[in-house]
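File shown here: query-v9.tsv, holding TSV, C-alpha atoms.
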```
chain	number	residue	atom	x	y	z
A	1	MET	CA	-16.55	-3.33	2.21
A	2	ASN	CA	-17.44	-6.84	3.41
A	3	ARG	CA	-18.54	-7.57	6.96
A	4	HIS	CA	-15.18	-9.10	7.94
A	5	SER	CA	-13.24	-6.02	6.81
A	6	GLU	CA	-15.73	-3.77	8.55
A	7	LEU	CA	-15.27	-5.64	11.83
A	8	GLU	CA	-11.48	-5.47	11.51
A	9	GLN	CA	-11.62	-1.70	11.01
A	10	GLN	CA	-13.90	-1.35	14.04
A	11	LEU	CA	-11.52	-3.48	16.14
A	12	THR	CA	-8.58	-1.35	15.01
A	13	ALA	CA	-10.37	1.85	16.01
A	14	VAL	CA	-11.36	0.43	19.42
A	15	LEU	CA	-7.82	-0.78	20.19
A	16	LYS	CA	-6.29	2.56	19.20
A	17	SER	CA	-8.78	4.27	21.50
A	18	ILE	CA	-8.00	1.87	24.36
A	19	ALA	CA	-4.29	2.50	23.87
A	20	ARG	CA	-4.75	6.18	24.81
A	21	ARG	CA	-6.84	5.48	27.94
A	22	ALA	CA	-4.59	6.25	30.90
A	23	ASP	CA	-7.14	4.78	33.31
A	24	LEU	CA	-7.16	1.41	31.52
A	25	LYS	CA	-3.37	1.42	31.25
A	26	GLY	CA	-3.06	2.12	34.98
A	27	TYR	CA	-5.51	-0.62	35.88
A	28	ALA	CA	-3.72	-3.16	33.67
A	29	GLU	CA	-0.36	-2.30	35.23
A	30	GLN	CA	-1.58	-2.29	38.84
A	31	ASN	CA	-3.69	-5.46	38.76
A	32	PRO	CA	-1.17	-8.31	39.22
A	33	GLN	CA	-3.30	-10.99	37.57
A	34	LEU	CA	-4.32	-8.88	34.57
A	35	ASN	CA	-0.78	-7.55	34.23
A	36	GLY	CA	0.64	-11.07	34.07
A	37	ILE	CA	-1.90	-12.23	31.50
A	38	LEU	CA	-1.42	-9.26	29.17
A	39	ARG	CA	2.37	-9.38	29.46
A	40	ARG	CA	2.32	-12.91	28.06
A	41	ALA	CA	0.96	-11.43	24.84
A	42	ALA	CA	3.30	-8.42	24.93
A	43	LEU	CA	6.42	-10.58	25.21
A	44	ARG	CA	5.93	-11.79	21.64
A	45	TYR	CA	6.75	-8.25	20.52
A	46	MET	CA	9.14	-7.10	23.29
A	47	ALA	CA	12.70	-8.22	24.02
A	48	GLY	CA	12.28	-7.88	27.79
A	49	ASN	CA	12.14	-5.36	30.61
A	50	ASN	CA	15.70	-4.10	30.85
A	51	LEU	CA	18.79	-3.06	28.91
A	52	GLN	CA	20.51	-6.44	29.28
A	53	GLU	CA	17.52	-8.31	27.85
A	54	GLY	CA	17.13	-5.81	25.03
A	55	LEU	CA	20.81	-6.03	24.07
A	56	LYS	CA	20.79	-9.82	24.26
A	57	ALA	CA	17.95	-9.98	21.73
A	58	GLY	CA	19.57	-7.28	19.60
A	59	LYS	CA	22.92	-9.05	19.45
A	60	GLU	CA	21.19	-12.28	18.42
A	61	ILE	CA	19.35	-10.46	15.65
A	62	MET	CA	22.63	-9.03	14.35
A	63	ARG	CA	24.39	-12.40	14.66
A	64	ARG	CA	21.82	-13.80	12.27
A	65	GLY	CA	22.59	-11.18	9.64
A	66	TYR	CA	19.97	-8.51	10.24
A	67	SER	CA	20.54	-4.83	10.97
A	68	LEU	CA	19.30	-3.60	14.34
A	69	SER	CA	16.99	-0.84	15.53
A	70	ILE	CA	16.57	-0.92	19.31
A	71	GLU	CA	14.33	1.19	21.54
A	72	TYR	CA	13.83	1.74	25.24
A	73	ILE	CA	10.13	2.12	24.82
A	74	GLY	CA	8.06	4.93	26.29
A	75	GLU	CA	6.20	8.12	25.39
A	76	ASN	CA	4.10	10.99	26.73
A	77	THR	CA	6.34	11.39	29.78
A	78	SER	CA	5.28	14.54	31.61
A	79	ASP	CA	7.60	14.36	34.64
A	80	ALA	CA	11.00	16.01	34.13
A	81	GLY	CA	12.77	13.49	36.34
A	82	GLU	CA	11.34	10.58	34.36
A	83	CYS	CA	12.45	12.27	31.12
A	84	GLU	CA	15.99	12.52	32.48
A	85	GLN	CA	15.85	8.87	33.53
A	86	ALA	CA	14.79	7.87	30.03
A	87	ALA	CA	17.60	9.92	28.47
A	88	ALA	CA	20.08	8.31	30.88
A	89	GLU	CA	18.86	4.86	29.87
A	90	MET	CA	19.39	5.73	26.21
A	91	LYS	CA	22.90	7.01	26.96
A	92	ALA	CA	23.65	3.69	28.69
A	93	LEU	CA	22.30	1.83	25.67
A	94	ILE	CA	24.51	3.83	23.31
A	95	GLN	CA	27.52	3.23	25.56
A	96	GLN	CA	26.88	-0.53	25.57
A	97	LEU	CA	26.65	-0.57	21.77
A	98	LYS	CA	29.89	1.40	21.53
A	99	GLN	CA	31.70	-0.90	23.94
A	100	SER	CA	30.51	-3.95	21.99
A	101	GLY	CA	31.62	-2.37	18.71
A	102	LEU	CA	28.14	-2.84	17.30
A	103	PRO	CA	26.57	-0.61	14.65
A	104	GLY	CA	22.91	-0.01	15.21
A	105	ARG	CA	20.00	2.37	15.37
A	106	VAL	CA	18.67	3.74	18.66
A	107	SER	CA	15.03	4.69	18.18
A	108	PHE	CA	12.88	6.76	20.54
A	109	ASP	CA	9.92	9.11	20.90
A	110	LEU	CA	10.76	12.72	21.65
A	111	SER	CA	7.84	12.72	24.12
A	112	HIS	CA	9.83	10.18	26.15
A	113	ILE	CA	12.70	12.66	26.67
A	114	GLY	CA	10.95	15.97	27.23
A	115	LEU	CA	8.61	17.03	24.43
A	116	MET	CA	5.54	16.92	26.71
A	117	ILE	CA	7.26	19.49	28.96
A	118	SER	CA	8.86	21.67	26.28
A	119	PRO	CA	10.48	21.28	22.85
A	120	SER	CA	13.62	22.86	24.28
A	121	LEU	CA	14.00	20.06	26.83
A	122	ALA	CA	13.53	17.43	24.12
A	123	HIS	CA	16.14	19.23	21.99
A	124	ALA	CA	18.60	19.41	24.88
A	125	ASN	CA	18.30	15.70	25.61
A	126	LEU	CA	18.47	14.83	21.91
A	127	THR	CA	21.69	16.78	21.41
A	128	GLU	CA	23.24	15.08	24.45
A	129	LEU	CA	22.50	11.73	22.82
A	130	ALA	CA	23.87	12.97	19.50
A	131	LYS	CA	27.16	13.96	21.13
A	132	GLN	CA	27.60	10.32	22.19
A	133	THR	CA	27.03	8.94	18.70
A	134	GLU	CA	29.19	11.38	16.73
A	135	GLY	CA	31.96	9.53	14.92
A	136	THR	CA	30.37	6.10	15.47
A	137	GLU	CA	28.22	3.76	13.38
A	138	ILE	CA	25.31	4.28	15.77
A	139	GLU	CA	22.32	6.22	14.44
A	140	LEU	CA	19.66	8.06	16.40
A	141	PHE	CA	16.16	7.74	15.01
A	142	ILE	CA	13.18	9.85	16.02
A	143	SER	CA	9.80	8.14	15.87
A	144	MET	CA	6.65	10.00	14.85
A	145	GLU	CA	3.69	10.40	17.19
A	146	GLU	CA	0.15	11.82	17.06
A	147	SER	CA	-0.45	14.53	14.46
A	148	GLY	CA	-0.79	17.21	17.15
A	149	LYS	CA	2.93	16.76	17.93
A	150	THR	CA	4.19	16.66	14.35
A	151	ASP	CA	5.19	20.33	14.05
A	152	ASP	CA	7.17	20.24	17.31
A	153	ILE	CA	8.83	16.93	16.40
A	154	LEU	CA	9.93	18.18	12.99
A	155	SER	CA	11.14	21.47	14.49
A	156	VAL	CA	13.30	19.70	17.09
A	157	TYR	CA	14.61	17.32	14.42
A	158	LYS	CA	15.60	20.16	12.07
A	159	GLN	CA	17.34	22.07	14.86
A	160	ALA	CA	19.32	19.01	15.92
A	161	THR	CA	20.34	17.98	12.40
A	162	ALA	CA	21.71	21.47	11.80
A	163	GLU	CA	24.24	20.66	14.55
A	164	TYR	CA	24.72	16.88	14.35
A	165	SER	CA	24.67	14.20	11.68
A	166	GLY	CA	23.39	10.67	12.07
A	167	ILE	CA	19.84	11.56	13.16
A	168	GLY	CA	16.89	10.13	11.26
A	169	ILE	CA	13.18	10.94	11.24
A	170	THR	CA	10.01	8.89	10.82
A	171	LEU	CA	7.12	10.00	8.60
A	172	GLN	CA	3.58	8.60	8.65
A	173	ALA	CA	2.04	7.93	5.25
A	174	HIS	CA	-1.53	8.11	6.52
A	175	LEU	CA	-1.29	11.80	7.42
A	176	ASN	CA	-2.39	14.08	4.59
A	177	ARG	CA	0.38	16.54	5.45
A	178	THR	CA	3.24	14.07	5.00
A	179	PRO	CA	4.03	14.63	1.28
A	180	ALA	CA	4.59	18.33	2.08
A	181	ASP	CA	6.61	17.45	5.21
A	182	LEU	CA	8.87	15.19	3.14
A	183	ALA	CA	9.33	17.84	0.45
A	184	ALA	CA	10.37	20.32	3.14
A	185	LEU	CA	13.29	18.11	4.26
A	186	THR	CA	15.77	19.83	1.99
A	187	SER	CA	18.98	18.12	3.14
A	188	PRO	CA	19.31	14.38	2.42
A	189	GLY	CA	19.08	12.30	5.55
A	190	ARG	CA	17.71	9.05	6.86
A	191	ILE	CA	13.95	8.59	6.77
A	192	ARG	CA	11.72	5.80	8.02
A	193	ILE	CA	8.31	5.63	6.36
A	194	VAL	CA	5.47	3.93	8.24
A	195	LYS	CA	1.75	3.77	7.54
A	196	GLY	CA	0.91	5.23	10.96
A	197	ALA	CA	-0.47	3.56	14.08
A	198	TYR	CA	-2.35	6.44	15.69
A	199	GLN	CA	-6.08	7.10	15.48
A	200	GLU	CA	-6.48	10.37	13.54
A	201	PRO	CA	-9.48	12.39	12.34
A	202	ASP	CA	-10.73	11.57	8.84
A	203	ASN	CA	-9.97	15.11	7.62
A	204	LEU	CA	-6.29	14.68	8.55
A	205	SER	CA	-5.57	11.14	7.39
A	206	LEU	CA	-6.30	8.21	5.14
A	207	ALA	CA	-7.66	4.92	6.44
A	208	ARG	CA	-5.94	1.63	5.55
A	209	SER	CA	-6.78	1.26	1.86
A	210	PRO	CA	-5.29	0.89	-1.64
A	211	GLU	CA	-5.10	4.70	-1.70
A	212	LEU	CA	-2.90	4.67	1.40
A	213	ASN	CA	-0.65	2.02	-0.14
A	214	GLU	CA	-0.24	4.16	-3.24
A	215	ARG	CA	0.62	7.22	-1.17
A	216	TYR	CA	3.14	5.15	0.81
A	217	LEU	CA	4.87	3.99	-2.37
A	218	ASN	CA	4.90	7.53	-3.77
A	219	LEU	CA	6.57	8.77	-0.58
A	220	VAL	CA	9.28	6.10	-0.83
A	221	GLU	CA	9.88	6.96	-4.46
A	222	LEU	CA	10.13	10.68	-3.71
A	223	ALA	CA	12.47	10.11	-0.77
A	224	ILE	CA	14.83	7.98	-2.85
A	225	ARG	CA	14.74	10.48	-5.71
A	226	GLU	CA	15.65	13.27	-3.29
A	227	GLY	CA	18.70	11.34	-2.08
A	228	HIS	CA	17.45	10.10	1.28
A	229	GLN	CA	18.34	6.76	2.83
A	230	VAL	CA	14.96	5.12	3.34
A	231	SER	CA	13.69	2.48	5.74
A	232	ILE	CA	10.54	0.95	4.26
A	233	ALA	CA	8.89	-0.01	7.54
A	234	THR	CA	6.13	-2.48	6.70
A	235	HIS	CA	4.95	-6.08	6.77
A	236	ASP	CA	2.44	-5.48	3.98
A	237	ASP	CA	2.95	-7.93	1.13
A	238	VAL	CA	1.53	-5.44	-1.39
A	239	ILE	CA	4.13	-2.81	-0.51
A	240	ILE	CA	6.98	-5.33	-0.20
A	241	ASN	CA	6.20	-6.81	-3.62
A	242	ALA	CA	6.01	-3.34	-5.15
A	243	ALA	CA	9.35	-2.42	-3.55
A	244	ARG	CA	10.90	-5.53	-5.07
A	245	GLU	CA	9.40	-4.89	-8.51
A	246	ARG	CA	10.64	-1.29	-8.51
A	247	GLY	CA	14.18	-2.37	-7.65
A	248	TRP	CA	14.31	-0.62	-4.29
A	249	LEU	CA	15.45	-3.73	-2.42
A	250	THR	CA	18.65	-3.84	-4.46
A	251	SER	CA	19.24	-0.10	-4.09
A	252	PRO	CA	21.91	1.08	-1.64
A	253	GLN	CA	19.42	3.74	-0.52
A	254	ALA	CA	16.68	1.44	0.79
A	255	GLU	CA	16.04	-1.30	3.32
A	256	LEU	CA	13.04	-3.04	4.83
A	257	GLU	CA	12.43	-2.49	8.54
A	258	MET	CA	10.25	-5.02	10.36
A	259	LEU	CA	9.00	-5.27	13.93
A	260	TYR	CA	10.37	-7.86	16.34
A	261	GLY	CA	7.94	-10.76	16.62
A	262	ILE	CA	5.84	-9.78	13.59
A	263	ARG	CA	6.10	-12.29	10.74
A	264	PRO	CA	9.65	-13.47	11.52
A	265	GLU	CA	9.27	-16.14	8.82
A	266	LEU	CA	8.79	-13.37	6.23
A	267	ALA	CA	11.90	-11.55	7.45
A	268	CYS	CA	13.89	-14.79	7.20
A	269	ARG	CA	12.70	-15.49	3.67
A	270	LEU	CA	13.38	-11.96	2.43
A	271	ARG	CA	16.85	-11.92	3.98
A	272	SER	CA	17.64	-15.29	2.35
A	273	GLU	CA	16.65	-13.71	-0.97
A	274	GLY	CA	19.19	-10.93	-0.41
A	275	ALA	CA	16.93	-8.11	0.78
A	276	PRO	CA	18.45	-5.81	3.45
A	277	ILE	CA	16.34	-6.28	6.59
A	278	ARG	CA	16.44	-4.27	9.81
A	279	ILE	CA	14.58	-5.59	12.87
A	280	TYR	CA	13.12	-3.11	15.36
A	281	VAL	CA	13.62	-4.51	18.88
A	282	PRO	CA	11.85	-2.72	21.78
A	283	TYR	CA	12.39	-3.34	25.48
A	284	GLY	CA	11.22	-1.77	28.73
A	285	HIS	CA	8.22	-1.62	31.04
A	286	GLU	CA	5.94	0.53	28.86
A	287	TRP	CA	4.50	-2.44	26.99
A	288	TYR	CA	0.75	-1.69	27.26
A	289	LEU	CA	0.49	0.92	24.51
A	290	TYR	CA	2.87	-1.02	22.29
A	291	LEU	CA	0.80	-4.20	22.56
A	292	CYS	CA	-2.43	-2.35	21.69
A	293	HIS	CA	-0.82	-0.86	18.59
A	294	ARG	CA	0.64	-4.17	17.41
A	295	ILE	CA	-2.80	-5.77	17.50
A	296	ALA	CA	-4.54	-2.71	16.08
A	297	GLU	CA	-2.32	-2.46	13.02
A	298	TYR	CA	-2.96	-6.11	12.11
A	299	PRO	CA	-6.16	-7.37	13.81
A	300	PRO	CA	-5.41	-11.09	13.21
A	301	ASN	CA	-2.61	-10.62	15.78
A	302	LEU	CA	-5.45	-10.69	18.31
A	303	TYR	CA	-5.81	-14.43	17.75
A	304	GLN	CA	-2.14	-15.00	18.59
A	305	ALA	CA	-2.41	-12.66	21.60
A	306	VAL	CA	-5.29	-14.70	23.04
A	307	ILE	CA	-3.33	-17.93	22.50
A	308	ASP	CA	-0.27	-16.45	24.25
A	309	MET	CA	-2.36	-15.15	27.18
A	310	VAL	CA	-4.18	-18.43	27.73
A	311	SER	CA	-1.39	-20.92	27.04
A	312	GLY	CA	1.23	-19.26	29.21
A	313	GLN	CA	3.94	-20.81	27.04
A	314	GLY	CA	7.18	-19.03	26.31
A	315	VAL	CA	7.45	-17.07	23.08
A	316	ASN	CA	9.99	-18.18	20.52
A	317	ASN	CA	10.72	-15.50	17.92
A	318	ASN	CA	12.58	-17.72	15.52
A	319	TYR	CA	14.78	-15.54	13.28
A	320	GLN	CA	16.93	-17.89	11.25
```
Any chance you could put this one into structure tokens?
Amino acid sequence: MNRHSELEQQLTAVLKSIARRADLKGYAEQNPQLNGILRRAALRYMAGNNLQEGLKAGKEIMRRGYSLSIEYIGENTSDAGECEQAAAEMKALIQQLKQSGLPGRVSFDLSHIGLMISPSLAHANLTELAKQTEGTEIELFISMEESGKTDDILSVYKQATAEYSGIGITLQAHLNRTPADLAALTSPGRIRIVKGAYQEPDNLSLARSPELNERYLNLVELAIREGHQVSIATHDDVIINAARERGWLTSPQAELEMLYGIRPELACRLRSEGAPIRIYVPYGHEWYLYLCHRIAEYPPNLYQAVIDMVSGQGVNNNYQ
């Protein structure tokens, strides 16, 4: 490993550690000057603070020919009232999509709607959301979190999908357990495959490497073979090129999912070439953790973050 790659890996580890520090998060949110500076960087990757701003960005994405995944961002909510508030916000989001006649994907963390309190509360809130989407073109999509939550997340997902259709699940390629988790999903459903943004112990996961890329591609291949609809959630040229070469981007079972504000020029080019592209658009006040992860997963984003913080100029996510 060269010195540059070593420094990038160290930066990634530090940022992932910072992301979990509640004291740093609280300080950043409560210090007006620091909050304003950091939010300038976060706004490159966030559609705004509220439902109206999130929907405005989402509608523009769809107008330009992309599919939409939208999320009221938040996780690790340990207050029952705040969990209910988050679930109510998601219900309002679903209602707005229904009233607009828009298909779309509503993504969320189960720890935002009750998992930190009990799996049964997360399941209850999830099924309430599922009741709203039954018979519509709106999907619910569960994100994956730290490995310590994986069993509970998969359990809640399996319970809910036994009752309701239209619920998808995210799997993290870097976790060593994921091939077995995928094989255990016996009924075809929608799956999003990501590399994984959380800092995990070496005995539980693979670091970013050619080996991780190969595992990622094997997971996509297995998911397609088993009849799942697959979102290939990546900005990695190696994986995108492999997906193209293997014919997945012309398959009705697969799409590319890309994050709002990350390489919009790549999304535009791929869409112009005929690839199905979904853009993940987050909104809300819980931007601190999200910003740390966006920089951690691609350390050169730090350069752009510093430019955004210092310049104070508005962000223009130019999706053509």
Find the nearest atom pair between each residue of stretch 184-225 of chain A and stretch 229-249 of chain A for residues within 7 Å, count only C-alpha atoms, give distances in Å to one decimal, sort rows by chain and ascending number, and present the table as a Markdown table.
```
| residue | atom | partner | partner_atom | distance |
| --- | --- | --- | --- | --- |
| A:Gly189 | CA | A:Gln229 | CA | 6.2 |
| A:Arg190 | CA | A:Gln229 | CA | 4.7 |
| A:Ile191 | CA | A:Val230 | CA | 5.0 |
| A:Arg192 | CA | A:Ser231 | CA | 4.5 |
| A:Ile193 | CA | A:Ile232 | CA | 5.6 |
| A:Val194 | CA | A:Ala233 | CA | 5.3 |
| A:Asn213 | CA | A:Ile239 | CA | 6.8 |
| A:Ala223 | CA | A:Val230 | CA | 6.9 |
| A:Ile224 | CA | A:Gln229 | CA | 6.8 |
```
Give me, as a tab-separated table, the closest atom pair and its distance (Å, one decimal) for every residue of stretch 93-145 of chain A within a cut-off of 10 Å of stretch 66-76 of chain A, counting only C-alpha atoms, rows sorted by chain and rising number.
```
residue	atom	partner	partner_atom	distance
A:Leu93	CA	A:Tyr72	CA	8.5
A:Leu102	CA	A:Leu68	CA	9.4
A:Pro103	CA	A:Leu68	CA	7.9
A:Gly104	CA	A:Leu68	CA	5.2
A:Arg105	CA	A:Ser69	CA	4.4
A:Val106	CA	A:Ile70	CA	5.2
A:Ser107	CA	A:Glu71	CA	4.9
A:Phe108	CA	A:Glu71	CA	5.8
A:Asp109	CA	A:Glu75	CA	5.9
A:Leu110	CA	A:Glu75	CA	7.5
A:Ser111	CA	A:Asn76	CA	4.9
A:His112	CA	A:Glu75	CA	4.2
A:Ile113	CA	A:Glu75	CA	8.0
A:Gly114	CA	A:Asn76	CA	8.5
A:Leu115	CA	A:Asn76	CA	7.9
A:Met116	CA	A:Asn76	CA	6.1
A:Ile117	CA	A:Asn76	CA	9.3
A:Ile138	CA	A:Ser69	CA	9.8
A:Glu139	CA	A:Ser69	CA	8.9
A:Leu140	CA	A:Ser69	CA	9.3
A:Phe141	CA	A:Ser69	CA	8.6
A:Glu145	CA	A:Glu75	CA	8.9
```
Provide the atom CA of A:Thr186 to atom CA of A:Gly148 distance in Å, to one decimal place. 22.6 Å
Minimum-distance residue to A:Gln95, chosen among A:Leu126, A:Leu212, A:Leu51, A:Cys83 (using all atoms listed in the file): A:Leu51
Just want the 7 Å neighbourhood of stretch 53-55 of chain A, counted on all atoms listed in the file, with same-chain residues fewer than 4 positions away dropped. Output as a PyMOL selection string. chain A and resi 47-49+59+282-283
Taking only C-alpha atoms into account, name the residue in A:Leu97, A:Ala42, A:Ala267, A:Leu182 that is nearest to A:Glu137. A:Leu97
Can you tell me, as a VMD selection string, what residues are no more than 8 Å from stretch 158-164 of chain A when counting only C-alpha atoms, ignoring any on the same chain fewer than 5 positions away? chain A and resid 123 126 to 127 130 to 131 134
Write out N, CA and C atoms for stretch 43-62 of chain A, as a short mmCIF file (atom, residue, chain, number, x, y, z; two decimals), in the frame of the given file.
```
data_model
loop_
_atom_site.label_atom_id
_atom_site.label_comp_id
_atom_site.auth_asym_id
_atom_site.auth_seq_id
_atom_site.Cartn_x
_atom_site.Cartn_y
_atom_site.Cartn_z
N LEU A 43 5.06 -10.05 25.35
CA LEU A 43 6.42 -10.58 25.21
C LEU A 43 6.71 -11.17 23.83
N ARG A 44 5.68 -11.39 23.03
CA ARG A 44 5.93 -11.79 21.64
C ARG A 44 6.59 -10.65 20.86
N TYR A 45 6.31 -9.43 21.27
CA TYR A 45 6.75 -8.25 20.52
C TYR A 45 7.80 -7.42 21.26
N MET A 46 8.18 -7.83 22.48
CA MET A 46 9.14 -7.10 23.29
C MET A 46 10.32 -8.01 23.63
N ALA A 47 11.51 -7.42 23.71
CA ALA A 47 12.70 -8.22 24.02
C ALA A 47 12.88 -8.45 25.51
N GLY A 48 12.15 -7.72 26.34
CA GLY A 48 12.28 -7.88 27.79
C GLY A 48 12.09 -6.55 28.49
N ASN A 49 12.38 -6.55 29.80
CA ASN A 49 12.14 -5.36 30.61
C ASN A 49 13.33 -4.40 30.65
N ASN A 50 14.55 -4.93 30.54
CA ASN A 50 15.70 -4.10 30.85
C ASN A 50 16.73 -4.09 29.73
N LEU A 51 17.75 -3.27 29.92
CA LEU A 51 18.79 -3.06 28.91
C LEU A 51 19.49 -4.37 28.56
N GLN A 52 19.80 -5.19 29.55
CA GLN A 52 20.51 -6.44 29.28
C GLN A 52 19.69 -7.36 28.39
N GLU A 53 18.38 -7.45 28.67
CA GLU A 53 17.52 -8.31 27.85
C GLU A 53 17.35 -7.74 26.45
N GLY A 54 17.24 -6.42 26.34
CA GLY A 54 17.13 -5.81 25.03
C GLY A 54 18.38 -6.03 24.19
N LEU A 55 19.55 -5.84 24.79
CA LEU A 55 20.81 -6.03 24.07
C LEU A 55 21.03 -7.49 23.69
N LYS A 56 20.64 -8.40 24.57
CA LYS A 56 20.79 -9.82 24.26
C LYS A 56 20.01 -10.17 23.00
N ALA A 57 18.75 -9.71 22.92
CA ALA A 57 17.95 -9.98 21.73
C ALA A 57 18.53 -9.27 20.51
N GLY A 58 19.00 -8.04 20.71
CA GLY A 58 19.57 -7.28 19.60
C GLY A 58 20.82 -7.92 19.04
N LYS A 59 21.69 -8.39 19.91
CA LYS A 59 22.92 -9.05 19.45
C LYS A 59 22.60 -10.33 18.68
N GLU A 60 21.57 -11.06 19.13
CA GLU A 60 21.19 -12.28 18.42
C GLU A 60 20.63 -11.96 17.04
N ILE A 61 19.87 -10.89 16.95
CA ILE A 61 19.35 -10.46 15.65
C ILE A 61 20.50 -10.13 14.70
N MET A 62 21.50 -9.41 15.20
CA MET A 62 22.63 -9.03 14.35
C MET A 62 23.48 -10.24 14.00
#
```
